[in-house]
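> Sharing a structure below in structure tokens format, with a few things to ask.
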Amino acid sequence: MRDLLEQKLRRFEELEKLLVDPDVLANSARLSAVAREHGSLAKLAMKYRRFKELNAEINEARELAKNPDAEMRELAEAELPELKSEREGYWNELLDLTIGGEDANRSRCVMEIRAGTGGEEAALFARDLYEMYKHYAEQKHWKVEILGMNPTELGGFKEISLGLEGEGVYRHLQYESGGHRVQRVPETEAKGRIHTSAATVAVMAEPEDVEVNIKPDDYRKDIFHASGPGGQHVNKTASAIRLTHYESGIVVSCQDEKSQHKNLAKALRVLKTRLYEHKQQEADAKRSDERKTKIGSGDRSQRIRTYNFPENRLTDHRINLTLYKLDSILAGGVDPVIEGLLEYERQALRDAFGTIE
């Protein structure tokens with residue numbers, strides 16, 4: 001953990017220098033990216049900087065406590081408890097800010113929700129998940145943007161991609177990745193039988209532009225007509241974009257905007273995020289294994305959470321959390337679940353890095 005904190009502080013100090021670099025100041029796009037990354041690291045870096053200062057002050061006070069001068073010893077011994085208490089507070093705050101590893105303090109992320117097992121009912125459940133996260137984001141005052149979607153005739157989503165931005169957005173949403181299972185009686189079910197269907201959620205930290213460099217030669221761009229549910233054309237202009245990244249094979253498409261330029265910008269944003277995630281996976285095999293486990297395949301057996309409508313119950317299987325207020329959670333009241341997951345990770349960090357010395 002100390003290595004991670006040192007790394008973040010070094011990067012923050014590099015960004016401080018870049019913010020006064022004439023070359024950066026002359027390039028508005030780069031300046032914006034540097035300022036955004038600087039802002040996302042500021043809270044963590046400033047707290048860790050103060051934590052290091054407190055360590056130095058504590059060491060200095062300990063040395064003074066050995067001083068032969070009784071008055072100096074008394075002053076140092078009186079100061080030590082206060083310094084240690086302040087340091088303890090900063091350490092707990094740093095533990096909170098590092099939940100989620102090196103991407104913990106990203107202020108932007110991409111969320112992809114896909115219908116899994118269950119046909120149209122799974123697509124309707126994917127829509128419910130989208131609305132739940134949208135309401136939650138509104139409560140947190142995060143910005144939400146639809147980057148791409150594939151709707152169905154009954155109003156569900158085969159898939160939908162969202163861009164979310166705001167303080168703590170990735171730290172709060174990262175553990176939503178995985179298989180989500182729903183148990184309920186579909187509106188189309190005449191005999192009142194409970195059906196089980198599933199959807200998957202993937203949450204990926206969105207990199208800054210300077211972290212992932214994509215050139216037009218790196219991908220193939222296909223332009224086609226946007227279409228709606230059932231193949232119905234939603235406009236007569238060829239504005240939809242599909243990007244295929246040659247090296248990784250990643251394919252991204254966007255057709256929601258009437259402007260080809262806007263669709264391209266959104267598709268590039270998703271492609272960069274997926275490439276960043278791909279790079280992180282290659283660099284860390286453990287991270288890759290965890291991601292595979294969290295996302296699953298959309299099959300109902302690979303689940304992290306169950307939403308049971310008849311019992312108004314939500315169960316998160318990873319931390320054995322069960323809440324009987326599903327209606328409230330689906331309306332955006334996801335905090336009790338997310339806070340439960342964060343507390344679980346927080347405790348794991350304390351167990352692993354509980355010592356401050």
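Note on naming: chains are A, B, ... as they come in the structure tokens, residues start from 1 per chain, ligands start from 1 in the order shown.
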Neighbours of region 79-93 of chain A within 10 Å (only C-alpha atoms; same-chain residues fewer than 2 positions away dropped), as a PDB file with N, CA and C atoms, in the first residue's frame?

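around_6.pdb, written as the output of this step:
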ATOM      1  N   LEU A  44      -6.145  12.392  -2.289  1.00  0.00           N
ATOM      2  CA  LEU A  44      -5.279  11.326  -1.792  1.00  0.00           C
ATOM      3  C   LEU A  44      -3.859  11.827  -1.559  1.00  0.00           C
ATOM      4  N   LYS A  47      -3.431  14.231   1.447  1.00  0.00           N
ATOM      5  CA  LYS A  47      -3.539  13.527   2.729  1.00  0.00           C
ATOM      6  C   LYS A  47      -2.278  12.701   3.001  1.00  0.00           C
ATOM      7  N   TYR A  48      -1.761  12.068   1.952  1.00  0.00           N
ATOM      8  CA  TYR A  48      -0.552  11.254   2.148  1.00  0.00           C
ATOM      9  C   TYR A  48       0.659  12.140   2.437  1.00  0.00           C
ATOM     10  N   ARG A  50       0.556  14.976   4.051  1.00  0.00           N
ATOM     11  CA  ARG A  50       0.432  15.368   5.457  1.00  0.00           C
ATOM     12  C   ARG A  50       0.757  14.192   6.380  1.00  0.00           C
ATOM     13  N   PHE A  51       0.358  12.980   5.973  1.00  0.00           N
ATOM     14  CA  PHE A  51       0.664  11.784   6.747  1.00  0.00           C
ATOM     15  C   PHE A  51       2.184  11.624   6.901  1.00  0.00           C
ATOM     16  N   LYS A  52       2.924  11.841   5.839  1.00  0.00           N
ATOM     17  CA  LYS A  52       4.390  11.739   5.883  1.00  0.00           C
ATOM     18  C   LYS A  52       4.991  12.831   6.782  1.00  0.00           C
ATOM     19  N   GLU A  53       4.404  14.021   6.710  1.00  0.00           N
ATOM     20  CA  GLU A  53       4.865  15.115   7.581  1.00  0.00           C
ATOM     21  C   GLU A  53       4.661  14.750   9.051  1.00  0.00           C
ATOM     22  N   LEU A  54       3.514  14.143   9.344  1.00  0.00           N
ATOM     23  CA  LEU A  54       3.223  13.744  10.724  1.00  0.00           C
ATOM     24  C   LEU A  54       4.194  12.664  11.193  1.00  0.00           C
ATOM     25  N   ASN A  55       4.546  11.740  10.311  1.00  0.00           N
ATOM     26  CA  ASN A  55       5.549  10.726  10.657  1.00  0.00           C
ATOM     27  C   ASN A  55       6.867  11.374  11.038  1.00  0.00           C
ATOM     28  N   GLU A  57       7.296  14.454  12.114  1.00  0.00           N
ATOM     29  CA  GLU A  57       7.122  15.201  13.365  1.00  0.00           C
ATOM     30  C   GLU A  57       7.118  14.260  14.575  1.00  0.00           C
ATOM     31  N   ILE A  58       6.530  13.079  14.416  1.00  0.00           N
ATOM     32  CA  ILE A  58       6.503  12.091  15.500  1.00  0.00           C
ATOM     33  C   ILE A  58       7.917  11.597  15.794  1.00  0.00           C
ATOM     34  N   ASN A  59       8.678  11.334  14.754  1.00  0.00           N
ATOM     35  CA  ASN A  59      10.071  10.884  14.939  1.00  0.00           C
ATOM     36  C   ASN A  59      10.907  11.965  15.625  1.00  0.00           C
ATOM     37  N   GLU A  60      10.656  13.204  15.227  1.00  0.00           N
ATOM     38  CA  GLU A  60      11.380  14.325  15.843  1.00  0.00           C
ATOM     39  C   GLU A  60      11.000  14.458  17.323  1.00  0.00           C
ATOM     40  N   ALA A  61       9.707  14.303  17.622  1.00  0.00           N
ATOM     41  CA  ALA A  61       9.242  14.396  19.008  1.00  0.00           C
ATOM     42  C   ALA A  61       9.827  13.264  19.856  1.00  0.00           C
ATOM     43  N   ARG A  62       9.958  12.079  19.275  1.00  0.00           N
ATOM     44  CA  ARG A  62      10.546  10.947  19.999  1.00  0.00           C
ATOM     45  C   ARG A  62      12.007  11.203  20.333  1.00  0.00           C
ATOM     46  N   ALA A  65      12.134  13.558  23.139  1.00  0.00           N
ATOM     47  CA  ALA A  65      11.740  12.917  24.399  1.00  0.00           C
ATOM     48  C   ALA A  65      12.921  12.247  25.088  1.00  0.00           C
ATOM     49  N   ARG A  73      11.847  17.326  27.280  1.00  0.00           N
ATOM     50  CA  ARG A  73      11.241  15.996  27.320  1.00  0.00           C
ATOM     51  C   ARG A  73       9.745  16.084  27.580  1.00  0.00           C
ATOM     52  N   GLU A  74       9.377  16.941  28.517  1.00  0.00           N
ATOM     53  CA  GLU A  74       7.969  17.082  28.882  1.00  0.00           C
ATOM     54  C   GLU A  74       7.146  17.615  27.710  1.00  0.00           C
ATOM     55  N   LEU A  75       7.696  18.601  26.977  1.00  0.00           N
ATOM     56  CA  LEU A  75       6.999  19.165  25.821  1.00  0.00           C
ATOM     57  C   LEU A  75       6.799  18.107  24.733  1.00  0.00           C
ATOM     58  N   ALA A  76       7.857  17.326  24.473  1.00  0.00           N
ATOM     59  CA  ALA A  76       7.791  16.283  23.437  1.00  0.00           C
ATOM     60  C   ALA A  76       6.792  15.200  23.813  1.00  0.00           C
ATOM     61  N   GLU A  77       6.808  14.773  25.073  1.00  0.00           N
ATOM     62  CA  GLU A  77       5.903  13.709  25.526  1.00  0.00           C
ATOM     63  C   GLU A  77       4.445  14.169  25.507  1.00  0.00           C
ATOM     64  N   LEU A  95      -6.796   4.689   3.992  1.00  0.00           N
ATOM     65  CA  LEU A  95      -7.323   3.345   3.752  1.00  0.00           C
ATOM     66  C   LEU A  95      -8.623   3.428   2.943  1.00  0.00           C
ATOM     67  N   ASP A  96      -9.497   4.355   3.314  1.00  0.00           N
ATOM     68  CA  ASP A  96     -10.752   4.527   2.588  1.00  0.00           C
ATOM     69  C   ASP A  96     -10.498   4.922   1.133  1.00  0.00           C
ATOM     70  N   LEU A  97      -9.551   5.827   0.937  1.00  0.00           N
ATOM     71  CA  LEU A  97      -9.286   6.343  -0.412  1.00  0.00           C
ATOM     72  C   LEU A  97      -8.561   5.345  -1.308  1.00  0.00           C
ATOM     73  N   THR A  98      -7.979   4.309  -0.714  1.00  0.00           N
ATOM     74  CA  THR A  98      -7.259   3.333  -1.532  1.00  0.00           C
ATOM     75  C   THR A  98      -8.071   2.061  -1.784  1.00  0.00           C
ATOM     76  N   ARG A 346     -12.714  -2.296   3.332  1.00  0.00           N
ATOM     77  CA  ARG A 346     -12.019  -1.445   4.302  1.00  0.00           C
ATOM     78  C   ARG A 346     -11.419  -2.304   5.419  1.00  0.00           C
ATOM     79  N   LEU A 349      -8.439  -4.244   4.227  1.00  0.00           N
ATOM     80  CA  LEU A 349      -7.244  -3.388   4.175  1.00  0.00           C
ATOM     81  C   LEU A 349      -6.667  -3.177   5.566  1.00  0.00           C
ATOM     82  N   ARG A 350      -7.539  -2.945   6.535  1.00  0.00           N
ATOM     83  CA  ARG A 350      -7.044  -2.756   7.920  1.00  0.00           C
ATOM     84  C   ARG A 350      -6.332  -4.005   8.399  1.00  0.00           C
ATOM     85  N   PHE A 353      -2.989  -3.986   6.313  1.00  0.00           N
ATOM     86  CA  PHE A 353      -2.063  -2.869   6.491  1.00  0.00           C
ATOM     87  C   PHE A 353      -2.382  -2.059   7.750  1.00  0.00           C
ATOM     88  N   GLY A 354      -2.862  -2.751   8.773  1.00  0.00           N
ATOM     89  CA  GLY A 354      -3.312  -2.045   9.963  1.00  0.00           C
ATOM     90  C   GLY A 354      -2.240  -1.294  10.710  1.00  0.00           C
ATOM     91  N   THR A 355      -0.996  -1.744  10.590  1.00  0.00           N
ATOM     92  CA  THR A 355       0.085  -1.078  11.318  1.00  0.00           C
ATOM     93  C   THR A 355       0.519   0.200  10.602  1.00  0.00           C
ATOM     94  N   ILE A 356       0.690   1.257  11.345  1.00  0.00           N
ATOM     95  CA  ILE A 356       1.074   2.540  10.762  1.00  0.00           C
ATOM     96  C   ILE A 356       2.590   2.684  10.739  1.00  0.00           C
TER      97      ILE A 356
END
> How would you write, as number ranges by chain, the set of residues in region 166-251 of chain A that DSSP gives as alpha helix (DSSP H)?
A: 169-173
> Keeping only N, CA and C atoms, write those residues as a tab-separated table (two decimals), in the first residue's frame.

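In the end it all went to part.tsv:
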chain	number	residue	atom	x	y	z
A	169	VAL	N	-16.75	8.27	-7.95
A	169	VAL	CA	-17.64	7.46	-8.78
A	169	VAL	C	-17.12	6.04	-8.98
A	170	TYR	N	-15.83	5.88	-9.26
A	170	TYR	CA	-15.33	4.53	-9.50
A	170	TYR	C	-15.21	3.74	-8.19
A	171	ARG	N	-14.78	4.43	-7.13
A	171	ARG	CA	-14.64	3.74	-5.84
A	171	ARG	C	-15.98	3.16	-5.39
A	172	HIS	N	-17.06	3.88	-5.64
A	172	HIS	CA	-18.38	3.41	-5.20
A	172	HIS	C	-18.97	2.35	-6.12
A	173	LEU	N	-18.66	2.41	-7.41
A	173	LEU	CA	-19.34	1.53	-8.35
A	173	LEU	C	-18.55	0.30	-8.76
> Residues near Asp256 (chain A), anyone? I mean within 8 Å using only C-alpha atoms, not counting same-chain ones fewer than 3 positions away, as a PyMOL selection string.
chain A and resi 147-149+226+240+263
> Give me the residues near Asp222 (chain A) as a short mmCIF file (atom, residue, chain, number, x, y, z; two decimals) with C-alpha atoms, in the first residue's frame, where near means some atom within 7 Å (using only C-alpha atoms) and where sequence neighbours in that chain fewer than 6 positions away do not count.

data_model
loop_
_atom_site.label_atom_id
_atom_site.label_comp_id
_atom_site.auth_asym_id
_atom_site.auth_seq_id
_atom_site.Cartn_x
_atom_site.Cartn_y
_atom_site.Cartn_z
CA ILE A 241 -20.00 4.20 -36.03
CA ARG A 242 -18.27 0.88 -35.42
CA LEU A 243 -14.60 0.81 -34.41
#
> Identify, on the basis of only C-alpha atoms, every residue whose closest approach to region 127-144 of chain A does not exceed 8 Å; exclude the query and any residue fewer than 5 positions from it along the same chain; express the result as a ChimeraX atom specification.
/A:113,155-157,160,162-167,169,329-334
> Export, as a PDB file, in the first residue's frame, the selected residues with C-alpha atoms.

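Final output, saved to again19.pdb:
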ATOM      1  CA  ILE A 113     -25.076  -3.406 -18.604  1.00  0.00           C
ATOM      2  CA  GLY A 155     -38.584  -1.146 -23.732  1.00  0.00           C
ATOM      3  CA  GLY A 156     -35.726  -3.227 -22.346  1.00  0.00           C
ATOM      4  CA  PHE A 157     -32.044  -3.138 -23.257  1.00  0.00           C
ATOM      5  CA  ILE A 160     -26.449  -0.094 -22.615  1.00  0.00           C
ATOM      6  CA  LEU A 162     -22.955   4.717 -19.588  1.00  0.00           C
ATOM      7  CA  GLY A 163     -20.298   7.282 -18.872  1.00  0.00           C
ATOM      8  CA  LEU A 164     -20.350   8.471 -15.248  1.00  0.00           C
ATOM      9  CA  GLU A 165     -18.371  11.349 -13.775  1.00  0.00           C
ATOM     10  CA  GLY A 166     -18.088  12.701 -10.248  1.00  0.00           C
ATOM     11  CA  GLU A 167     -16.144  12.478  -7.015  1.00  0.00           C
ATOM     12  CA  VAL A 169     -17.645   7.459  -8.781  1.00  0.00           C
ATOM     13  CA  ILE A 329     -32.877   0.040  -3.662  1.00  0.00           C
ATOM     14  CA  LEU A 330     -34.223  -0.051  -7.229  1.00  0.00           C
ATOM     15  CA  ALA A 331     -35.384   3.548  -6.757  1.00  0.00           C
ATOM     16  CA  GLY A 332     -31.729   4.520  -6.255  1.00  0.00           C
ATOM     17  CA  GLY A 333     -31.212   3.702  -2.573  1.00  0.00           C
ATOM     18  CA  VAL A 334     -28.166   1.544  -3.282  1.00  0.00           C
TER      19      VAL A 334
END
> Please return, as a ChimeraX atom specification, all residues of region 58-251 of chain A that DSSP assigns to strand (DSSP E) on the basis of the backbone.
/A:108-115,143-151,157-165,178-184,195-205,219-224,240-245,251
> Write out as a PyMOL selection string each polymer residue whose atoms come within 12 Å of region 16-26 of chain A, counting only C-alpha atoms; drop sequence neighbours fewer than 3 positions from it.
chain A and resi 9-13+29-39+41-42+45-46+210
> Would you output that residue set with N, CA and C atoms, as a PDB file, in the first residue's frame?

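result-v2.pdb written:
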ATOM      1  N   LEU A   9       1.656   9.953  -5.082  1.00  0.00           N
ATOM      2  CA  LEU A   9       2.207  11.250  -4.701  1.00  0.00           C
ATOM      3  C   LEU A   9       3.208  11.743  -5.740  1.00  0.00           C
ATOM      4  N   ARG A  10       4.047  10.827  -6.249  1.00  0.00           N
ATOM      5  CA  ARG A  10       5.008  11.210  -7.295  1.00  0.00           C
ATOM      6  C   ARG A  10       4.283  11.713  -8.537  1.00  0.00           C
ATOM      7  N   ARG A  11       3.226  10.999  -8.927  1.00  0.00           N
ATOM      8  CA  ARG A  11       2.468  11.415 -10.105  1.00  0.00           C
ATOM      9  C   ARG A  11       1.805  12.769  -9.873  1.00  0.00           C
ATOM     10  N   PHE A  12       1.286  12.989  -8.676  1.00  0.00           N
ATOM     11  CA  PHE A  12       0.659  14.266  -8.342  1.00  0.00           C
ATOM     12  C   PHE A  12       1.674  15.404  -8.455  1.00  0.00           C
ATOM     13  N   GLU A  13       2.893  15.161  -7.979  1.00  0.00           N
ATOM     14  CA  GLU A  13       3.935  16.187  -8.041  1.00  0.00           C
ATOM     15  C   GLU A  13       4.382  16.437  -9.477  1.00  0.00           C
ATOM     16  N   ALA A  29      -6.262  21.175 -24.819  1.00  0.00           N
ATOM     17  CA  ALA A  29      -6.749  19.799 -24.617  1.00  0.00           C
ATOM     18  C   ALA A  29      -5.894  19.072 -23.590  1.00  0.00           C
ATOM     19  N   ARG A  30      -4.568  19.214 -23.716  1.00  0.00           N
ATOM     20  CA  ARG A  30      -3.676  18.542 -22.772  1.00  0.00           C
ATOM     21  C   ARG A  30      -3.792  19.167 -21.385  1.00  0.00           C
ATOM     22  N   LEU A  31      -3.913  20.492 -21.332  1.00  0.00           N
ATOM     23  CA  LEU A  31      -4.057  21.177 -20.048  1.00  0.00           C
ATOM     24  C   LEU A  31      -5.308  20.690 -19.322  1.00  0.00           C
ATOM     25  N   SER A  32      -6.398  20.524 -20.068  1.00  0.00           N
ATOM     26  CA  SER A  32      -7.644  20.038 -19.468  1.00  0.00           C
ATOM     27  C   SER A  32      -7.471  18.634 -18.892  1.00  0.00           C
ATOM     28  N   ALA A  33      -6.785  17.756 -19.654  1.00  0.00           N
ATOM     29  CA  ALA A  33      -6.569  16.384 -19.194  1.00  0.00           C
ATOM     30  C   ALA A  33      -5.669  16.350 -17.960  1.00  0.00           C
ATOM     31  N   VAL A  34      -4.612  17.165 -17.959  1.00  0.00           N
ATOM     32  CA  VAL A  34      -3.680  17.223 -16.828  1.00  0.00           C
ATOM     33  C   VAL A  34      -4.392  17.767 -15.587  1.00  0.00           C
ATOM     34  N   ALA A  35      -5.181  18.825 -15.788  1.00  0.00           N
ATOM     35  CA  ALA A  35      -5.906  19.421 -14.657  1.00  0.00           C
ATOM     36  C   ALA A  35      -6.912  18.440 -14.064  1.00  0.00           C
ATOM     37  N   ARG A  36      -7.576  17.666 -14.933  1.00  0.00           N
ATOM     38  CA  ARG A  36      -8.554  16.691 -14.451  1.00  0.00           C
ATOM     39  C   ARG A  36      -7.873  15.581 -13.650  1.00  0.00           C
ATOM     40  N   GLU A  37      -6.749  15.085 -14.161  1.00  0.00           N
ATOM     41  CA  GLU A  37      -6.022  14.032 -13.438  1.00  0.00           C
ATOM     42  C   GLU A  37      -5.462  14.567 -12.130  1.00  0.00           C
ATOM     43  N   HIS A  38      -4.951  15.794 -12.156  1.00  0.00           N
ATOM     44  CA  HIS A  38      -4.440  16.441 -10.946  1.00  0.00           C
ATOM     45  C   HIS A  38      -5.537  16.547  -9.893  1.00  0.00           C
ATOM     46  N   GLY A  39      -6.730  16.958 -10.345  1.00  0.00           N
ATOM     47  CA  GLY A  39      -7.849  17.080  -9.418  1.00  0.00           C
ATOM     48  C   GLY A  39      -8.267  15.743  -8.832  1.00  0.00           C
ATOM     49  N   LEU A  41      -6.384  13.217  -8.207  1.00  0.00           N
ATOM     50  CA  LEU A  41      -5.364  12.712  -7.283  1.00  0.00           C
ATOM     51  C   LEU A  41      -5.184  13.601  -6.057  1.00  0.00           C
ATOM     52  N   ALA A  42      -5.678  14.833  -6.125  1.00  0.00           N
ATOM     53  CA  ALA A  42      -5.367  15.832  -5.104  1.00  0.00           C
ATOM     54  C   ALA A  42      -5.714  15.383  -3.688  1.00  0.00           C
ATOM     55  N   ALA A  45      -3.318  12.543  -2.543  1.00  0.00           N
ATOM     56  CA  ALA A  45      -1.927  12.990  -2.469  1.00  0.00           C
ATOM     57  C   ALA A  45      -1.700  13.968  -1.317  1.00  0.00           C
ATOM     58  N   MET A  46      -2.626  14.899  -1.120  1.00  0.00           N
ATOM     59  CA  MET A  46      -2.469  15.883  -0.053  1.00  0.00           C
ATOM     60  C   MET A  46      -2.546  15.222   1.326  1.00  0.00           C
ATOM     61  N   VAL A 210      -4.362  11.358 -21.989  1.00  0.00           N
ATOM     62  CA  VAL A 210      -2.902  11.237 -22.108  1.00  0.00           C
ATOM     63  C   VAL A 210      -2.408   9.834 -21.756  1.00  0.00           C
TER      64      VAL A 210
END
> Using only C-alpha atoms, determine which residues lie at most 10 Å from region 308-321 of chain A, disregarding the query and same-chain residues fewer than 6 positions distant; provide the list as a PyMOL selection string.
chain A and resi 180-185+194+196+327-330+336-338+340-341+344
> Quick one: of A:Gly168, A:Pro186, A:Gly179, A:Pro68, who's nearest to Glu121 (chain A), counting only C-alpha atoms?
A:Pro186
> I need the residue nearest Arg106 (chain A) from this list: A:Glu189, A:Arg303, A:Lys8, A:Ile223. Use only C-alpha atoms for the distance.
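Counting only C-alpha atoms, the residue closest to Arg106 (chain A) is A:Lys8.
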> Which residue gives the smallest distance to Met1 (chain A) among A:Val203, A:Leu15, A:Leu94, A:Leu323, with only C-alpha atoms counted?
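Using only C-alpha atoms, Met1 (chain A) sits closest to A:Leu94.
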